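Beneath this line is the structure, given in structure tokens, with notes to follow.
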Amino acid sequence: MSLPDTQALPALEWTGWETRYLFFTGKGGVGKTTTASAVAVALADVGKRTLIISTDPASNLDDMFGVTAGQQPTAVPGVNGLFVSNLDPEVAALAFKERAVGPYRGVLPEAAITSMEEQLSGACTVEIAAFNEFTAVLAAPEDTAEFDHVIFDTAPTGHTLRLLTLPSAWSGYVDQHPAGASCLGPLAGLDQRREQYARAVAVLSDPALTTLVLVARAEDSALREAARASAELHALGVANQRLVLNGLLPDAADDPAAVAFAERQATALAGAPVQLASFPAAGVRLIAGDVTGVDALRQLAREDAEIPAHEDPAEVDLPGLDELIDELDAAGNGVVMTMGKGGVGKTTLAAAIAIALVDRGHDVTLSTTDPAAHITHALAHDAPDGLSVERIDPAVETARYTAEVLAAAEGLDDEGRTLLEEDLRSPCTEEIAVFRAFARTVDAARERIVVLDTAPTGHTLLLLDAAQSYHREVKRTNANVPEEVSELLARLRDQQFARMLIITLPESTPVQEAERLQADLRRAGIEPYGWVINASLSAARSAHPTLRARAGAERSHITRARQQTPRTWLIGWQPVAPVGPAGLRELAGTGPVAV
């Protein structure tokens with residue numbers, strides 16, 4: 001790859017932010033919110049009135065700026081001309097559901113209304129509602145006319161891509177069904193919004209109006225994800241793209257840990273997809289400590305960022321991954337789920353745990369509900385004997401579920417079958433199909449160990465919420481559903497069967513996200529098995545100022561994590577990326593790694 005030398009890359013305060021709309025995207029955990037926020041501060045500081053909007057269900061803009069923002073723009077203290085807005089998809093979904101159901105209240109029987117509400121309670125409704133809010137901003141520039149720039153801090157890549165691909169799918173659906181969509185799903189009434197979607201897509205594809213900012217770290221998976229997002233968005237007409245490489249360490253000096261850190265980044269950049277080299281790029285230096293608050297964001301955008309005062313790294317007395325694997329080995333059959341914010345290492349740890357348990361003589365299935373499906377890359381396409389690797393593929397599961405429903409509807413007349421086929425084209429069908437596959441995967445853990453690498457937090461919670469909603473509906477209707485579905489929630493609540501591992505990093509935002517995840521799990525009656533703190537620099541004993549400062553800053557986050565759970569394990573940052581069976585075995589066989 002011919003990316004410019006990282007030391008030659010301009011900083012975020014470069015002059016490349018000309019378009020009115022800036023759309024940040026990338027793999028979860030690469031720093032989209034942080035870099036988008038830093039650019040927002042930099043633009044406001046040079047006199048540009050700027051609005052930054054989150055469309056992410058797991059937004060942390062409030063934490064970043066120290067404000068509580070709603071849908072209306074909220075001024076950021078200390079930065080003249082900077083405003084923040086959160087498009088809350090949960091609130092939008094409630095309003096969307098009422099718009100769809102409201103006209104039928106008092107017209108249809110109560111049982112029909114209840115059925116409609118149930119069908120509009122799932123994840124796809126939240127997604128469509130959030131998309132409506134997002135496109136409304138782009139389609140009505142007069143509503144944000146007071147701002148020179150509107151920045152979108154988006155959800156992780158897979159979610160963003162689906163939001164952007166929905167308009168063409170919906171338009172095609174309505175074109176092919178001029179009678180209108182069925183009132184039985186979230187597609188109801190889409191025809192009324194076709195003009196809004198068309199205007200939004202036109203704005204996104206206009207290079208004079210919109211810049212797509214691909215955010216990545218110098219890591220293999222993040223660079224692959226950036227390239228994939230770039231290609232798919234380019235195919236949708238979003239061609240004005242730029243690249244931000246976050247967390248670079250250009251000045252390793254002669255410190256062994258820093259040299260290993262820089263070499264790992266250089267190796268990832270050397271193997272990056274070639275198409276990324278064609279984009280204008282900016283670099284963001286690795287910052288010591290947490291990036292929260294306006295002052296830290298200003299530092300992030302500068303080339304000469306200062307290293308703040310810090311505590312010395314602490315000696316941390318916590319068990320490592322090998323001791324966690326000992327416990328899982330002794331526990332035997334059941335499901336192990338790695339959960340947490342995107343980018344914390346769920347996939348790598350799931351793969352390492354699975355291989356270690358195979359080596360201990362267990363039959364293990366390693367599966368994922370993550371649409372990005374990074375498991376095969378973590379294994380380097382080399383699964384050892386005894387490890388079955390699966391993926392819950394939405395397209396495959398939707399086709400299977402659709403065929404099953406149609407086969408069970410043989411007695412319908414032509415009109416009824418046409419209506420059913422129409423409704424099965426709803427995005428909700430995919431949600432239901434994936435949910436049932438998730439239940440089958442968990443059910444298989446009665447006979448073997450299933451290690452489930454889950455999607456980023458928001459998607460995982462939607463799956464678990466679906467489990468709870470389905471459980472309530474089964475109890476209410478005594479419906480004839482597969483046993484694995486009806487038993488799912490009880491199994492997830494059984495700590496002897498389901499071992500939920502919350503994965504985090506020793507940093508402010510990942511720990512906050514982990515706390516929120518744990519609270520949501522507990523509200524669903526699910527108690528996590530414990531927390532895994534990944535990629536800690538505390539044991540590296542680096543003398544490099546930036547790495548030593550980051551290690552010192554970990555102290556408070558490790559303490560905070562330990563206070564949340566009786567079980568905590570610590571994994572050291574790895575000098576060599578743990579990829580493939582050999583690397584994963586090395587990760588699983590050691591505690592924190594000293595360099």
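Naming works like this for the structure tokens: A, B, ... for the chains as they're shown, residue 1 at the start of each chain, ligands 1 onward in shown order.
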### Task
Determine, counting only C-alpha atoms, which protein, DNA and RNA residues have an atom within 8 Å of an atom of segment 376-381 of chain A; residues of the same chain fewer than 4 positions away are not included. Present the result as a list in words.
Ser221, Thr347, Thr348, Ala351, Pro578, Val579, Gly580, Pro581 and Leu584 of chain A
### Task
Find the residues around segment 12-27 of chain A up to 7 Å (only C-alpha atoms counted), leave out those fewer than 6 positions away in its own chain, and share them as a PyMOL selection string.
chain A and resi 36+39+42+148-154+156-157+208-216+222+225-226+282-284+301-302
### Task
Tell me, as a ChimeraX atom specification, which residues lie within 7 Å of segment 439-447 of chain A, counting only C-alpha atoms; anything in the same chain fewer than 5 positions away does not count.
/A:333-335,484-485,488
Write the selection just made, keeping N, CA and C atoms, as a CSV table (one decimal), in the first residue's frame?
```csv
chain,number,residue,atom,x,y,z
A,333,ASN,N,-20.2,-27.9,29.0
A,333,ASN,CA,-21.1,-27.5,28.0
A,333,ASN,C,-21.9,-26.2,28.4
A,334,GLY,N,-22.3,-25.4,27.4
A,334,GLY,CA,-23.0,-24.2,27.6
A,334,GLY,C,-22.6,-23.2,26.6
A,335,VAL,N,-23.1,-22.0,26.7
A,335,VAL,CA,-22.8,-20.9,25.7
A,335,VAL,C,-22.0,-19.9,26.4
A,484,GLU,N,-36.5,-24.2,21.2
A,484,GLU,CA,-35.3,-23.4,21.5
A,484,GLU,C,-35.7,-21.9,21.6
A,485,VAL,N,-36.8,-21.5,20.9
A,485,VAL,CA,-37.2,-20.1,21.1
A,485,VAL,C,-37.9,-19.9,22.4
A,488,LEU,N,-35.4,-19.8,25.3
A,488,LEU,CA,-34.2,-19.0,25.1
A,488,LEU,C,-33.9,-18.1,26.3
```
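Residues in contact with Leu61 of chain A at up to 10 Å, not including ones fewer than 4 positions away on its chain and judged by only C-alpha atoms, are Thr33, Thr34, Ala36, Ser37, Ile52, Ile53, Ser54, Asp56, Phe65, Gly66, Val67, Thr68, Ala69, Val84, Ser85, Asn86, Asp153 and Thr292 of chain A.
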Take the residues that were just selected and, keeping all heavy atoms, output them as a short mmCIF file (atom, residue, chain, number, x, y, z; two decimals), in the first residue's frame.
```cif
data_model
loop_
_atom_site.label_atom_id
_atom_site.label_comp_id
_atom_site.auth_asym_id
_atom_site.auth_seq_id
_atom_site.Cartn_x
_atom_site.Cartn_y
_atom_site.Cartn_z
N THR A 33 -16.52 8.90 16.93
CA THR A 33 -17.07 9.98 17.73
C THR A 33 -15.98 10.97 18.14
O THR A 33 -16.17 12.19 18.08
CB THR A 33 -17.76 9.41 18.98
OG1 THR A 33 -18.84 8.57 18.57
CG2 THR A 33 -18.30 10.53 19.86
N THR A 34 -14.83 10.45 18.54
CA THR A 34 -13.74 11.30 18.98
C THR A 34 -13.23 12.19 17.85
O THR A 34 -13.07 13.41 18.01
CB THR A 34 -12.59 10.44 19.52
OG1 THR A 34 -13.08 9.62 20.58
CG2 THR A 34 -11.47 11.31 20.05
N ALA A 36 -14.74 12.90 14.93
CA ALA A 36 -15.80 13.80 14.48
C ALA A 36 -15.94 14.99 15.44
O ALA A 36 -16.11 16.14 15.00
CB ALA A 36 -17.13 13.05 14.38
N SER A 37 -15.85 14.72 16.72
CA SER A 37 -15.97 15.79 17.72
C SER A 37 -14.79 16.75 17.64
O SER A 37 -14.96 17.97 17.78
CB SER A 37 -16.07 15.19 19.12
OG SER A 37 -17.20 14.35 19.25
N ILE A 52 -23.03 19.03 15.30
CA ILE A 52 -22.66 17.62 15.24
C ILE A 52 -23.83 16.80 15.74
O ILE A 52 -24.39 17.07 16.81
CB ILE A 52 -21.36 17.31 16.02
CG1 ILE A 52 -21.01 15.83 15.89
CG2 ILE A 52 -21.44 17.75 17.46
CD1 ILE A 52 -19.61 15.49 16.39
N ILE A 53 -24.23 15.79 14.94
CA ILE A 53 -25.42 14.99 15.20
C ILE A 53 -25.01 13.53 15.32
O ILE A 53 -24.25 13.03 14.50
CB ILE A 53 -26.44 15.13 14.06
CG1 ILE A 53 -26.88 16.59 13.91
CG2 ILE A 53 -27.65 14.24 14.29
CD1 ILE A 53 -27.79 16.82 12.70
N SER A 54 -25.55 12.84 16.31
CA SER A 54 -25.35 11.40 16.41
C SER A 54 -26.60 10.69 15.94
O SER A 54 -27.71 11.03 16.33
CB SER A 54 -25.04 10.98 17.84
OG SER A 54 -24.99 9.57 17.93
N ASP A 56 -26.36 7.27 16.20
CA ASP A 56 -25.98 5.99 16.76
C ASP A 56 -26.84 5.70 17.99
O ASP A 56 -26.90 6.53 18.91
CB ASP A 56 -24.50 6.02 17.16
CG ASP A 56 -23.95 4.65 17.50
OD1 ASP A 56 -24.74 3.76 17.85
OD2 ASP A 56 -22.72 4.49 17.42
N PHE A 65 -18.70 15.80 25.30
CA PHE A 65 -18.76 17.25 25.49
C PHE A 65 -19.25 17.67 26.87
O PHE A 65 -19.28 18.87 27.18
CB PHE A 65 -19.67 17.87 24.42
CG PHE A 65 -19.09 17.85 23.04
CD1 PHE A 65 -19.58 16.96 22.09
CD2 PHE A 65 -18.06 18.70 22.68
CE1 PHE A 65 -19.05 16.94 20.81
CE2 PHE A 65 -17.53 18.68 21.41
CZ PHE A 65 -18.02 17.79 20.46
N GLY A 66 -19.66 16.72 27.68
CA GLY A 66 -20.13 17.06 29.01
C GLY A 66 -21.46 17.80 29.01
O GLY A 66 -21.69 18.70 29.83
N VAL A 67 -22.35 17.44 28.08
CA VAL A 67 -23.67 18.06 28.00
C VAL A 67 -24.73 16.96 27.94
O VAL A 67 -24.40 15.79 27.76
CB VAL A 67 -23.80 18.96 26.74
CG1 VAL A 67 -22.79 20.09 26.78
CG2 VAL A 67 -23.65 18.14 25.45
N THR A 68 -25.98 17.37 28.10
CA THR A 68 -27.09 16.45 27.90
C THR A 68 -27.90 17.00 26.73
O THR A 68 -28.62 17.98 26.86
CB THR A 68 -27.98 16.35 29.15
OG1 THR A 68 -27.18 15.89 30.25
CG2 THR A 68 -29.12 15.37 28.92
N ALA A 69 -27.73 16.37 25.58
CA ALA A 69 -28.34 16.87 24.35
C ALA A 69 -29.53 16.03 23.96
O ALA A 69 -29.52 14.81 24.14
CB ALA A 69 -27.31 16.89 23.21
N VAL A 84 -24.65 20.45 19.62
CA VAL A 84 -24.75 18.99 19.60
C VAL A 84 -26.22 18.59 19.57
O VAL A 84 -27.06 19.22 20.21
CB VAL A 84 -24.08 18.36 20.84
CG1 VAL A 84 -24.24 16.86 20.84
CG2 VAL A 84 -22.61 18.73 20.90
N SER A 85 -26.50 17.51 18.81
CA SER A 85 -27.86 16.97 18.76
C SER A 85 -27.80 15.46 18.72
O SER A 85 -26.95 14.89 18.03
CB SER A 85 -28.59 17.50 17.52
OG SER A 85 -29.87 16.92 17.39
N ASN A 86 -28.69 14.80 19.46
CA ASN A 86 -28.81 13.34 19.43
C ASN A 86 -30.16 12.97 18.83
O ASN A 86 -31.21 13.39 19.34
CB ASN A 86 -28.72 12.75 20.84
CG ASN A 86 -27.30 12.73 21.37
OD1 ASN A 86 -26.37 12.42 20.64
ND2 ASN A 86 -27.13 13.07 22.64
N ASP A 153 -22.02 11.93 13.29
CA ASP A 153 -21.28 10.86 13.96
C ASP A 153 -22.17 9.62 13.87
O ASP A 153 -23.18 9.52 14.55
CB ASP A 153 -21.01 11.23 15.41
CG ASP A 153 -20.57 10.04 16.23
OD1 ASP A 153 -19.80 9.22 15.71
OD2 ASP A 153 -21.01 9.93 17.39
N THR A 292 -11.77 13.24 26.38
CA THR A 292 -13.10 13.75 26.69
C THR A 292 -12.94 15.20 27.11
O THR A 292 -11.95 15.57 27.74
CB THR A 292 -13.78 12.96 27.82
OG1 THR A 292 -12.94 12.95 28.98
CG2 THR A 292 -14.07 11.54 27.41
#
```
### Task
Could you give me the residues within segment 483-550 of chain A that DSSP places in alpha helix (DSSP H), as a PyMOL selection string?
chain A and resi 483-486+488-493+508-523+545-550
### Query
Quick one: of A:Pro528, A:Thr546, A:Ala540, A:Arg391, who's nearest to Thr565 of chain A, counting only C-alpha atoms?
A:Pro528
### Query
Which residues, written as a VMD selection string, have at least one atom at most 10 Å from segment 134-136 of chain A, with only C-alpha atoms counted and residues fewer than 4 positions away on the same chain left out?
chain A and resid 53 to 55 87 89 128 to 130 140 to 141 143 152 154 163 to 164 167 193 196 to 201 203 to 204
I need the chosen residues saved as an mmCIF file, in the first residue's frame, with C-alpha atoms.
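The new file again.cif reads:
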```cif
data_model
loop_
_atom_site.group_PDB
_atom_site.id
_atom_site.type_symbol
_atom_site.label_atom_id
_atom_site.label_comp_id
_atom_site.auth_asym_id
_atom_site.auth_seq_id
_atom_site.Cartn_x
_atom_site.Cartn_y
_atom_site.Cartn_z
ATOM 1 C CA ILE A 53 -25.419 14.989 15.204
ATOM 2 C CA SER A 54 -25.351 11.404 16.410
ATOM 3 C CA THR A 55 -27.492 8.788 14.678
ATOM 4 C CA LEU A 87 -31.388 11.686 17.183
ATOM 5 C CA PRO A 89 -33.913 6.114 17.682
ATOM 6 C CA ILE A 128 -36.217 2.598 10.119
ATOM 7 C CA ALA A 129 -37.330 5.282 12.575
ATOM 8 C CA ALA A 130 -33.741 6.435 13.098
ATOM 9 C CA ALA A 140 -34.612 19.787 4.751
ATOM 10 C CA PRO A 141 -31.478 21.968 4.652
ATOM 11 C CA ASP A 143 -33.928 23.528 9.121
ATOM 12 C CA PHE A 152 -22.886 13.157 11.399
ATOM 13 C CA THR A 154 -22.710 7.612 12.655
ATOM 14 C CA LEU A 163 -29.304 2.595 6.528
ATOM 15 C CA LEU A 164 -27.914 3.898 3.249
ATOM 16 C CA PRO A 167 -33.879 3.723 0.234
ATOM 17 C CA ARG A 193 -41.552 9.434 2.320
ATOM 18 C CA GLN A 196 -37.578 12.681 1.439
ATOM 19 C CA TYR A 197 -35.386 9.627 0.872
ATOM 20 C CA ALA A 198 -34.620 10.664 -2.693
ATOM 21 C CA ARG A 199 -33.517 14.154 -1.590
ATOM 22 C CA ALA A 200 -31.349 12.672 1.164
ATOM 23 C CA VAL A 201 -29.604 10.264 -1.197
ATOM 24 C CA VAL A 203 -27.316 15.144 -0.936
ATOM 25 C CA LEU A 204 -25.154 12.208 0.108
#
```
### Task
Fewer than 6 positions away in the same chain doesn't count, so skip those; otherwise give me all residues within 6 Å of Val389 of chain A, counting only C-alpha atoms, as an MDAnalysis selection string.
chainID A and resid 365:367
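For the choices A:Ala354, A:Leu94, A:Leu276, A:Val294, the atom-to-atom distance to Asp45 of chain A is smallest for A:Val294 when using only C-alpha atoms.
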### Task
Show which residues sit within 12 Å of Ala356 of chain A, as a PyMOL selection string. Count only C-alpha atoms, and ignore same-chain residues fewer than 5 positions away.
chain A and resi 321-329+349-351+361-364+366+383-384+386-387+449+451+581-590
Write the residues of the preceding selection, restricted to N, CA and C atoms, as a short mmCIF file (atom, residue, chain, number, x, y, z; two decimals), in the first residue's frame.
```cif
data_model
loop_
_atom_site.label_atom_id
_atom_site.label_comp_id
_atom_site.auth_asym_id
_atom_site.auth_seq_id
_atom_site.Cartn_x
_atom_site.Cartn_y
_atom_site.Cartn_z
N LEU A 321 -6.26 -14.35 31.01
CA LEU A 321 -7.19 -15.12 30.18
C LEU A 321 -7.05 -16.61 30.42
N ASP A 322 -5.83 -17.08 30.75
CA ASP A 322 -5.64 -18.51 30.98
C ASP A 322 -6.48 -19.00 32.16
N GLU A 323 -6.62 -18.16 33.20
CA GLU A 323 -7.41 -18.57 34.36
C GLU A 323 -8.91 -18.56 34.06
N LEU A 324 -9.35 -17.63 33.21
CA LEU A 324 -10.74 -17.65 32.77
C LEU A 324 -11.02 -18.92 31.98
N ILE A 325 -10.11 -19.31 31.11
CA ILE A 325 -10.29 -20.53 30.32
C ILE A 325 -10.33 -21.76 31.22
N ASP A 326 -9.53 -21.76 32.29
CA ASP A 326 -9.60 -22.87 33.25
C ASP A 326 -11.02 -23.01 33.79
N GLU A 327 -11.67 -21.89 34.13
CA GLU A 327 -13.02 -21.94 34.67
C GLU A 327 -14.01 -22.45 33.62
N LEU A 328 -13.88 -21.95 32.39
CA LEU A 328 -14.80 -22.38 31.33
C LEU A 328 -14.60 -23.85 31.00
N ASP A 329 -13.38 -24.31 31.07
CA ASP A 329 -13.06 -25.72 30.84
C ASP A 329 -13.77 -26.58 31.89
N LEU A 349 -10.99 -12.45 21.21
CA LEU A 349 -11.09 -13.21 22.47
C LEU A 349 -12.00 -14.42 22.31
N ALA A 350 -13.09 -14.27 21.56
CA ALA A 350 -13.97 -15.42 21.31
C ALA A 350 -13.20 -16.52 20.60
N ALA A 351 -12.43 -16.16 19.59
CA ALA A 351 -11.65 -17.16 18.85
C ALA A 351 -10.58 -17.80 19.73
N GLY A 361 -9.88 -30.58 24.81
CA GLY A 361 -10.66 -31.78 24.52
C GLY A 361 -12.14 -31.58 24.32
N HIS A 362 -12.61 -30.34 24.27
CA HIS A 362 -14.04 -30.08 24.11
C HIS A 362 -14.41 -29.99 22.62
N ASP A 363 -15.65 -30.39 22.32
CA ASP A 363 -16.24 -30.06 21.02
C ASP A 363 -16.79 -28.65 21.11
N VAL A 364 -16.36 -27.77 20.22
CA VAL A 364 -16.70 -26.35 20.33
C VAL A 364 -17.23 -25.83 19.00
N LEU A 366 -17.86 -22.17 17.23
CA LEU A 366 -17.59 -20.74 17.29
C LEU A 366 -18.50 -20.07 16.27
N ALA A 383 -9.16 -23.15 10.91
CA ALA A 383 -9.81 -23.67 12.11
C ALA A 383 -9.26 -25.05 12.44
N PRO A 384 -8.82 -25.28 13.67
CA PRO A 384 -8.28 -26.60 14.04
C PRO A 384 -9.38 -27.66 14.11
N GLY A 386 -11.93 -30.17 15.53
CA GLY A 386 -12.72 -30.07 16.75
C GLY A 386 -13.43 -28.74 16.90
N LEU A 387 -13.08 -27.76 16.05
CA LEU A 387 -13.73 -26.45 16.10
C LEU A 387 -14.62 -26.28 14.88
N ILE A 449 -19.86 -26.98 23.75
CA ILE A 449 -19.62 -25.58 24.11
C ILE A 449 -19.81 -24.73 22.86
N VAL A 451 -19.25 -20.91 21.61
CA VAL A 451 -18.68 -19.58 21.88
C VAL A 451 -19.27 -18.64 20.84
N PRO A 581 -4.35 -19.58 14.54
CA PRO A 581 -4.33 -20.47 15.71
C PRO A 581 -3.12 -20.27 16.61
N ALA A 582 -1.93 -20.10 16.03
CA ALA A 582 -0.72 -19.96 16.86
C ALA A 582 -0.79 -18.69 17.71
N GLY A 583 -1.16 -17.58 17.09
CA GLY A 583 -1.25 -16.33 17.83
C GLY A 583 -2.35 -16.35 18.87
N LEU A 584 -3.47 -16.98 18.55
CA LEU A 584 -4.58 -17.06 19.50
C LEU A 584 -4.24 -17.97 20.67
N ARG A 585 -3.48 -19.05 20.39
CA ARG A 585 -3.05 -19.93 21.50
C ARG A 585 -2.09 -19.19 22.42
N GLU A 586 -1.22 -18.39 21.85
CA GLU A 586 -0.29 -17.62 22.69
C GLU A 586 -1.07 -16.63 23.57
N LEU A 587 -2.08 -16.00 22.98
CA LEU A 587 -2.90 -15.08 23.76
C LEU A 587 -3.61 -15.82 24.88
N ALA A 588 -4.15 -16.98 24.60
CA ALA A 588 -4.93 -17.73 25.58
C ALA A 588 -4.06 -18.37 26.66
N GLY A 589 -2.78 -18.58 26.36
CA GLY A 589 -1.92 -19.29 27.29
C GLY A 589 -1.17 -18.43 28.26
N THR A 590 -1.37 -17.12 28.17
CA THR A 590 -0.63 -16.22 29.06
C THR A 590 -1.59 -15.27 29.73
#
```
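Rounded to one decimal, atom CA of Arg493 of chain A and atom CA of Gly525 of chain A lie 6.2 Å from each other.
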### Task
Apply DSSP to the structure's backbone, then extract all residues of segment 238-329 of chain A labelled strand (DSSP E or B) and return them as a PyMOL selection string.
chain A and resi 241-248+281-285
Keeping only N, CA, C and O atoms, write the selected residues as a PDB file, in the first residue's frame.
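Final file, again_25.pdb:
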```
ATOM      1  N   GLN A 241     -14.646  10.898  -0.773  1.00  0.00           N
ATOM      2  CA  GLN A 241     -14.238  10.199   0.437  1.00  0.00           C
ATOM      3  C   GLN A 241     -12.851  10.645   0.903  1.00  0.00           C
ATOM      4  O   GLN A 241     -11.975  10.959   0.084  1.00  0.00           O
ATOM      5  N   ARG A 242     -12.676  10.645   2.204  1.00  0.00           N
ATOM      6  CA  ARG A 242     -11.379  10.954   2.824  1.00  0.00           C
ATOM      7  C   ARG A 242     -11.094   9.930   3.914  1.00  0.00           C
ATOM      8  O   ARG A 242     -12.001   9.264   4.411  1.00  0.00           O
ATOM      9  N   LEU A 243      -9.829   9.832   4.299  1.00  0.00           N
ATOM     10  CA  LEU A 243      -9.395   8.833   5.277  1.00  0.00           C
ATOM     11  C   LEU A 243      -8.756   9.522   6.471  1.00  0.00           C
ATOM     12  O   LEU A 243      -7.960  10.449   6.310  1.00  0.00           O
ATOM     13  N   VAL A 244      -9.128   9.086   7.660  1.00  0.00           N
ATOM     14  CA  VAL A 244      -8.474   9.520   8.894  1.00  0.00           C
ATOM     15  C   VAL A 244      -7.892   8.298   9.580  1.00  0.00           C
ATOM     16  O   VAL A 244      -8.615   7.341   9.878  1.00  0.00           O
ATOM     17  N   LEU A 245      -6.590   8.316   9.793  1.00  0.00           N
ATOM     18  CA  LEU A 245      -5.913   7.242  10.526  1.00  0.00           C
ATOM     19  C   LEU A 245      -5.713   7.705  11.960  1.00  0.00           C
ATOM     20  O   LEU A 245      -4.976   8.666  12.228  1.00  0.00           O
ATOM     21  N   ASN A 246      -6.356   7.027  12.879  1.00  0.00           N
ATOM     22  CA  ASN A 246      -6.389   7.440  14.273  1.00  0.00           C
ATOM     23  C   ASN A 246      -5.402   6.619  15.109  1.00  0.00           C
ATOM     24  O   ASN A 246      -5.133   5.461  14.808  1.00  0.00           O
ATOM     25  N   GLY A 247      -4.881   7.228  16.180  1.00  0.00           N
ATOM     26  CA  GLY A 247      -4.067   6.511  17.156  1.00  0.00           C
ATOM     27  C   GLY A 247      -2.674   6.150  16.684  1.00  0.00           C
ATOM     28  O   GLY A 247      -2.130   5.106  17.072  1.00  0.00           O
ATOM     29  N   LEU A 248      -2.039   7.008  15.869  1.00  0.00           N
ATOM     30  CA  LEU A 248      -0.709   6.713  15.334  1.00  0.00           C
ATOM     31  C   LEU A 248       0.385   7.046  16.350  1.00  0.00           C
ATOM     32  O   LEU A 248       0.301   8.030  17.087  1.00  0.00           O
ATOM     33  N   ALA A 281      -5.709  11.983   3.066  1.00  0.00           N
ATOM     34  CA  ALA A 281      -5.657  11.361   4.396  1.00  0.00           C
ATOM     35  C   ALA A 281      -5.163  12.354   5.441  1.00  0.00           C
ATOM     36  O   ALA A 281      -4.397  13.279   5.150  1.00  0.00           O
ATOM     37  N   ALA A 282      -5.620  12.156   6.652  1.00  0.00           N
ATOM     38  CA  ALA A 282      -5.135  12.896   7.817  1.00  0.00           C
ATOM     39  C   ALA A 282      -4.738  11.893   8.879  1.00  0.00           C
ATOM     40  O   ALA A 282      -5.262  10.769   8.920  1.00  0.00           O
ATOM     41  N   GLY A 283      -3.813  12.274   9.733  1.00  0.00           N
ATOM     42  CA  GLY A 283      -3.360  11.396  10.797  1.00  0.00           C
ATOM     43  C   GLY A 283      -3.640  11.996  12.158  1.00  0.00           C
ATOM     44  O   GLY A 283      -3.588  13.218  12.339  1.00  0.00           O
ATOM     45  N   VAL A 284      -3.959  11.151  13.112  1.00  0.00           N
ATOM     46  CA  VAL A 284      -4.203  11.577  14.485  1.00  0.00           C
ATOM     47  C   VAL A 284      -3.238  10.824  15.383  1.00  0.00           C
ATOM     48  O   VAL A 284      -3.236   9.586  15.410  1.00  0.00           O
ATOM     49  N   ARG A 285      -2.422  11.567  16.087  1.00  0.00           N
ATOM     50  CA  ARG A 285      -1.442  10.948  16.977  1.00  0.00           C
ATOM     51  C   ARG A 285      -2.135  10.233  18.133  1.00  0.00           C
ATOM     52  O   ARG A 285      -3.220  10.610  18.569  1.00  0.00           O
TER      53      ARG A 285
END
```
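Counting only C-alpha atoms and comparing A:Val336, A:Ala218, A:Ala409, A:Ala543, the residue that lies closest to Pro256 of chain A is A:Ala543.
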### Shortest interatomic distance to Arg522 of chain A - which of A:Leu236, A:Ile355, A:Val91, A:Leu492, counting only C-alpha atoms
A:Leu492
